[in-house]
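**Q** If you scroll down you'll find the structure; I have some questions about it.
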Amino acid sequence: MAGAADTAPKRGRFAPYGLLSPGIIWLILFFLVPVAILLRASLSSQPERFVPDDLRFKWKWSNFSNALNRFGPQFQDAMRNALIAAVVVAVIIAAVVVLRRGLWHSTRARRLLIGALVAGFFGAYIITSTVDGWGDHFQRSFLYAGIATLLCIAIGYPLAYVIAFRGGAYKNLLLGLVVVPFFTTYLIRTIAWKTILFDNGPVVDILQSIGVLGDSGRLLATPGAVIGGLAYNFLPFMVLPIYVSLEKIDVNLVDAARDLYSSPARAFRKVVLPLSLPGIFAGTLLTFIPASGDFINAELLGSPTTSMIGNVVQNQFLVQLDYPTAAALSFVLMAIITIAVLIYAKALGTEDLTG
Amino acid sequence: MADDTVIGIEHVTKRFGGFVAVEEADFAIQRGEFFSMLGPSGCGKTTTLRMIAGFEQPTTGRITLEGKDVSLVPPYKRNVNTVFQHYALFPHMNVFDNVAFGPRSRRVAKSEITGRVRELLEVVRLADFANRKPGQLSGGQQQRVALARALVNYPSALLLDEPLGALDLKLRQAMQLELKRIQREVGITFVYVTHDQEEALTMSDRIAVMSEGHVEQIGTPEEIYGAPSSVFVAGFIGVANLLPVTVDSVHGASATVTLPGATHSPAVVSGPSITAGQSATLMLRPERVRLSSVEPSGSGARLVTKIMQLTFQGPVIRADLRAADGTEIVAHIEPEDDLPAARSGDDIWLTWDDDAARVLPLADIRVGGEAHEIEEMGQVAFARSNA
């Protein structure tokens, strides 16, 4: 870098900013500006009869407490559950690392323990500050999105593995097939699933005739349908990053592991899986984040009892026209996801994997 | 050498579809020896190594390890370890964990693992690098980690697949000596695959020269160099002059041949199936011939040639000569041997001792093709007699 700057000072200095500027402009226009508008809305008061331009900015923090009062128990549960899960995962990983590796990886172990303690502190705080039960929009969002993400990993990892290591000449064709559903719009794809899972449709008929579903059983309007729809719609976002990380793995490494007395299963566990964690990490972010804010699947494949926080925000914005409440809920969602992602990144420690 | 076979290759043939990678390989590798498989790319040496490691199964024949048939045993159940061409170090583990990988797979006690890993890192002189990741090491250091990672398992044999191929010349020469030192220190059988004849000559106790799936010759470096059994081996190892001759008579291992200049020369029969009257090839190593500006006295073999070029190469002067029939001959002469007033275009006499001339069966087309390829690769200067 320094050498390049010496020989071509002007180009060397400004070229990186030039290359970055489209991205920066895009982020400012379509991320920072909307977030600022959303933030302003979340702290504004709204006249009785709705006029969108008539929001008055008043530092109205009570919007947050009002929103949380109306959806409060739900929010607290969600927060609590997310944090309990994070704490459990972090503590287990920290314990495993510290117990099995001694103190060689002291920096990593230390970092994990600090993460676990911080998460534990917040978790304990939330747990003691709430007594409410399960079953609300926030909590449902994270539950459904979480299960859909796990499903995507369970389906997508083997798929990516086969394409990467056994695809041979068909690699590009198979990857193309993974992406083909994206040629149809999201909405149409989900409506298609509605037809497939329809009460008098062939799938329900077959499942009823072989006794998996009761005679009055149905697929549509169940949590299963919503989760299935989410998993289906976000599967390529899981498959592609995992494929990329698997593709990069030198097959000689697998040979080396087998040569060093590892059974195929151990070679996978010790070499392939750790080296593909960055792909799983990226895939999880690309799946979990949009899935937890999604409202299409719950709207089309679910029922009122399966509606997610995305449905609430959409309803508040577009039906109730209550911009401040909707904006406040959006911010809470963003905050929870940010915290969850940070904890997740710490636990997986992806920066250690690439070095 | 006492028969103490570690690895037995018994009538092994390996086919990939219609392609024969290895045909009827049949030899034994002795305990504690440094055994090299040498040949150009595609000669089947790596396939043979992969069959010993267990990554490939022989199509016919069998492979034994410590007397047991392991032809169908998977690699993780064989007590041999491999140093891969590009090391194949695990990038997500530090040096210690890389070396400890094998013992951990075998569930060796933890305290013992630590001791063994430390010991091996001492042997390869990387004790201070235990916490580094492979990406933070130089090529030579990665090479030594790969060695330690294999040796820490105390294998019956260590398999090395062109391990020095990715290193630059200086480092490669240093690593050759280093490898030899380590092999002496640990006393483990090394099976070494290379296409670099100099590397094989420097390090090996015995060499198997391979070509197109066939083992051409097995022997010590001296035997391979001094008494090659075929034109291919003669041309592949070092520099060889190959002259077309006719065999006059054969008596056991000694023969008389007629050279292009119609002079006669005694020679040693090196290859099999040499009979009187047939056409054959005479091999002369460049350093075994002498030059003389006047016709030598005595009855020994001689050939008059023309000097095409003299090149100073440091330890030797290389003389490119041409015989009357156009055959090109290379001679290496010591700078001290003064050749008064010899310069390009002069006639000069070529003589050699009887035992320096080796009669070999004529090269078939297959070997001729190989030789051409080798010449293009620039690995050996190869004076072709039957161009």
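Ordered as shown in the structure tokens, chains take letters A, B, and onward, while each chain numbers its residues from 1 and ligands are numbered from 1 in the order shown.
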Using only C-alpha atoms and a cut-off of 6 Å, which residues of chain A sit close to chain B? Please list them as a list in words.
**A** Asn252, Leu253, Arg258, Asp259, Leu260, Tyr261, Ser262 and Leu353 of chain A
**Q** I need the residues from that last selection saved to file as an mmCIF file, in the first residue's frame (with N, CA and C atoms), if you can.
**A**
```cif
data_model
loop_
_atom_site.group_PDB
_atom_site.id
_atom_site.type_symbol
_atom_site.label_atom_id
_atom_site.label_comp_id
_atom_site.auth_asym_id
_atom_site.auth_seq_id
_atom_site.Cartn_x
_atom_site.Cartn_y
_atom_site.Cartn_z
ATOM 1 N N ASN A 252 -7.092 -32.080 -0.152
ATOM 2 C CA ASN A 252 -5.939 -32.740 0.459
ATOM 3 C C ASN A 252 -6.019 -32.722 1.984
ATOM 4 N N LEU A 253 -6.723 -31.708 2.535
ATOM 5 C CA LEU A 253 -6.854 -31.642 3.992
ATOM 6 C C LEU A 253 -7.643 -32.835 4.510
ATOM 7 N N ARG A 258 -7.484 -38.198 7.107
ATOM 8 C CA ARG A 258 -7.656 -39.656 7.056
ATOM 9 C C ARG A 258 -6.308 -40.345 7.231
ATOM 10 N N ASP A 259 -5.272 -39.743 6.663
ATOM 11 C CA ASP A 259 -3.927 -40.290 6.789
ATOM 12 C C ASP A 259 -3.474 -40.278 8.241
ATOM 13 N N LEU A 260 -3.985 -39.299 8.997
ATOM 14 C CA LEU A 260 -3.606 -39.161 10.406
ATOM 15 C C LEU A 260 -4.635 -39.836 11.306
ATOM 16 N N TYR A 261 -5.130 -40.974 10.881
ATOM 17 C CA TYR A 261 -5.922 -41.883 11.703
ATOM 18 C C TYR A 261 -7.323 -41.383 12.035
ATOM 19 N N SER A 262 -7.844 -40.413 11.254
ATOM 20 C CA SER A 262 -9.207 -39.966 11.503
ATOM 21 C C SER A 262 -10.178 -40.743 10.617
ATOM 22 N N LEU A 353 -11.040 -18.118 12.864
ATOM 23 C CA LEU A 353 -11.048 -19.248 11.938
ATOM 24 C C LEU A 353 -10.302 -18.945 10.659
#
```
**Q** Using only C-alpha atoms, what table do you get, as a Markdown table, when you list each residue of range 216-316 of chain A with an atom no more than 10 Å from range 179-198 of chain A, its nearest pair of atoms, and their distance in Å rounded to one decimal, rows by chain then rising number?
**A**
```
| residue | atom | partner | partner_atom | distance |
| --- | --- | --- | --- | --- |
| A:Arg218 | CA | A:Phe198 | CA | 8.1 |
| A:Leu219 | CA | A:Leu197 | CA | 5.9 |
| A:Leu220 | CA | A:Leu197 | CA | 5.8 |
| A:Ala221 | CA | A:Lys194 | CA | 9.5 |
| A:Ala225 | CA | A:Leu197 | CA | 8.0 |
| A:Val226 | CA | A:Thr190 | CA | 9.9 |
| A:Gly228 | CA | A:Trp193 | CA | 9.5 |
| A:Gly229 | CA | A:Thr190 | CA | 6.9 |
| A:Leu230 | CA | A:Thr190 | CA | 9.1 |
| A:Tyr232 | CA | A:Thr190 | CA | 9.0 |
| A:Asn233 | CA | A:Tyr186 | CA | 7.4 |
| A:Leu235 | CA | A:Val179 | CA | 9.5 |
| A:Pro236 | CA | A:Val179 | CA | 6.4 |
| A:Phe237 | CA | A:Val179 | CA | 9.3 |
| A:Val239 | CA | A:Val179 | CA | 9.6 |
| A:Leu240 | CA | A:Val179 | CA | 9.0 |
| A:Ile296 | CA | A:Leu187 | CA | 7.3 |
| A:Asn297 | CA | A:Thr190 | CA | 6.7 |
| A:Glu299 | CA | A:Thr190 | CA | 9.9 |
| A:Leu300 | CA | A:Ile191 | CA | 6.8 |
| A:Leu301 | CA | A:Lys194 | CA | 6.1 |
| A:Gly302 | CA | A:Lys194 | CA | 9.6 |
```
**Q** I need the residues from that last selection saved to file as a short mmCIF file (atom, residue, chain, number, x, y, z; two decimals), in the first residue's frame (with N, CA and C atoms), if you can.
**A**
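The new file out_0.cif reads:
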```cif
data_model
loop_
_atom_site.label_atom_id
_atom_site.label_comp_id
_atom_site.auth_asym_id
_atom_site.auth_seq_id
_atom_site.Cartn_x
_atom_site.Cartn_y
_atom_site.Cartn_z
N ARG A 218 -54.94 -30.24 9.10
CA ARG A 218 -54.59 -29.39 7.97
C ARG A 218 -53.15 -28.91 8.11
N LEU A 219 -52.60 -28.45 7.02
CA LEU A 219 -51.24 -27.93 7.05
C LEU A 219 -51.25 -26.41 7.06
N LEU A 220 -52.12 -25.85 6.23
CA LEU A 220 -52.22 -24.40 6.14
C LEU A 220 -52.65 -23.84 7.49
N ALA A 221 -52.18 -22.63 7.78
CA ALA A 221 -52.56 -21.94 9.01
C ALA A 221 -51.99 -22.61 10.25
N ALA A 225 -46.48 -24.67 8.77
CA ALA A 225 -46.53 -24.10 7.43
C ALA A 225 -45.72 -22.81 7.37
N VAL A 226 -45.84 -21.97 8.41
CA VAL A 226 -45.09 -20.71 8.43
C VAL A 226 -43.59 -20.99 8.46
N GLY A 228 -42.05 -23.75 7.61
CA GLY A 228 -41.66 -24.38 6.35
C GLY A 228 -41.51 -23.35 5.25
N GLY A 229 -42.44 -22.40 5.19
CA GLY A 229 -42.37 -21.35 4.18
C GLY A 229 -41.12 -20.51 4.34
N LEU A 230 -40.81 -20.15 5.60
CA LEU A 230 -39.59 -19.37 5.86
C LEU A 230 -38.36 -20.15 5.42
N TYR A 232 -38.11 -22.56 3.29
CA TYR A 232 -38.06 -22.69 1.83
C TYR A 232 -37.55 -21.40 1.19
N ASN A 233 -38.11 -20.28 1.64
CA ASN A 233 -37.78 -19.01 0.98
C ASN A 233 -36.35 -18.57 1.24
N LEU A 235 -33.73 -20.70 2.01
CA LEU A 235 -32.75 -21.79 1.83
C LEU A 235 -31.55 -21.39 0.96
N PRO A 236 -31.75 -20.75 -0.19
CA PRO A 236 -30.58 -20.40 -1.01
C PRO A 236 -29.59 -19.50 -0.28
N PHE A 237 -30.10 -18.64 0.62
CA PHE A 237 -29.20 -17.76 1.37
C PHE A 237 -28.32 -18.56 2.32
N VAL A 239 -27.54 -21.99 1.54
CA VAL A 239 -26.76 -22.91 0.71
C VAL A 239 -25.54 -22.21 0.10
N LEU A 240 -25.76 -21.01 -0.45
CA LEU A 240 -24.68 -20.38 -1.21
C LEU A 240 -23.46 -20.04 -0.35
N ILE A 296 -44.61 -11.98 5.27
CA ILE A 296 -45.33 -12.59 4.14
C ILE A 296 -45.75 -14.02 4.47
N ASN A 297 -44.80 -14.82 4.99
CA ASN A 297 -45.10 -16.23 5.24
C ASN A 297 -46.18 -16.40 6.29
N GLU A 299 -48.40 -14.22 7.02
CA GLU A 299 -49.64 -13.67 6.46
C GLU A 299 -50.33 -14.68 5.56
N LEU A 300 -49.56 -15.31 4.66
CA LEU A 300 -50.16 -16.17 3.64
C LEU A 300 -50.32 -17.61 4.10
N LEU A 301 -49.38 -18.11 4.89
CA LEU A 301 -49.41 -19.53 5.26
C LEU A 301 -49.88 -19.75 6.69
N GLY A 302 -50.03 -18.65 7.45
CA GLY A 302 -50.37 -18.80 8.86
C GLY A 302 -51.79 -18.37 9.17
#
```
**Q** Give me the residues within 6 Å of range 279-285 of chain B as a PyMOL selection string, counting only C-alpha atoms and dropping any in the same chain fewer than 4 places off.
**A** chain B and resi 240-246+357-362
**Q** Need to verify the contact set: Gly213 in chain B, 7 Å, only C-alpha atoms, exclusion of same-chain residues closer than 6 positions in sequence. Can you return it as a ChimeraX atom specification?
**A** /B:20-23,43-44
**Q** Quick one: distance from CA of Pro315 in chain B to CA of Glu287 in chain B in Å, one decimal?
**A** 11.6 Å
**Q** Do a neighbour search on Gly8 in chain B at 12 Å with only C-alpha atoms, toss out local chain neighbours closer than 4 positions, and write the hits as an MDAnalysis selection string.
**A** chainID B and resid 3:4 12 25:31 48 51:52 61:71 157
**Q** From the DSSP assignment of the backbone, select every residue of range 9-247 of chain B that is helix (DSSP H, G or I), and format the answer as a PyMOL selection string.
**A** chain B and resi 45-53+75-77+95-105+110-123+127-129+134-136+139-151+169-186+197-203+221-226+231-236
**Q** What is the CA of Tyr243 in chain A to CA of Lys171 in chain A distance in Å?
**A**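 Rounded to one decimal, the two atoms are 10.4 Å apart.
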**Q** Would you mind reading off the distance between CA of Leu246 in chain A and CA of Ile337 in chain A, one decimal, in Å?
**A** 26.8 Å
**Q** Pick the closest to Tyr161 in chain A from A:Pro241, A:Pro34, A:Pro290, A:Gly23: which is it, counting only C-alpha atoms?
**A**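 Using only C-alpha atoms, the shortest distance to Tyr161 in chain A belongs to A:Pro241.
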**Q** For range 177-187 of chain B, please output as a count of residues only all residues within 8 Å (counting only C-alpha atoms; exclusion window: fewer than 4 positions along the same chain).
**A** 6
**Q** Could you write out, as an NGL selection string, all the residues of range 132-371 of chain B that DSSP marks as strand (DSSP E)?
**A** :B and (157-161 or 189-194 or 206-211 or 214-219 or 240-251 or 254-258 or 264-269 or 279-284 or 289-292 or 302-312 or 317-323 or 328-333 or 347-352 or 358-361)
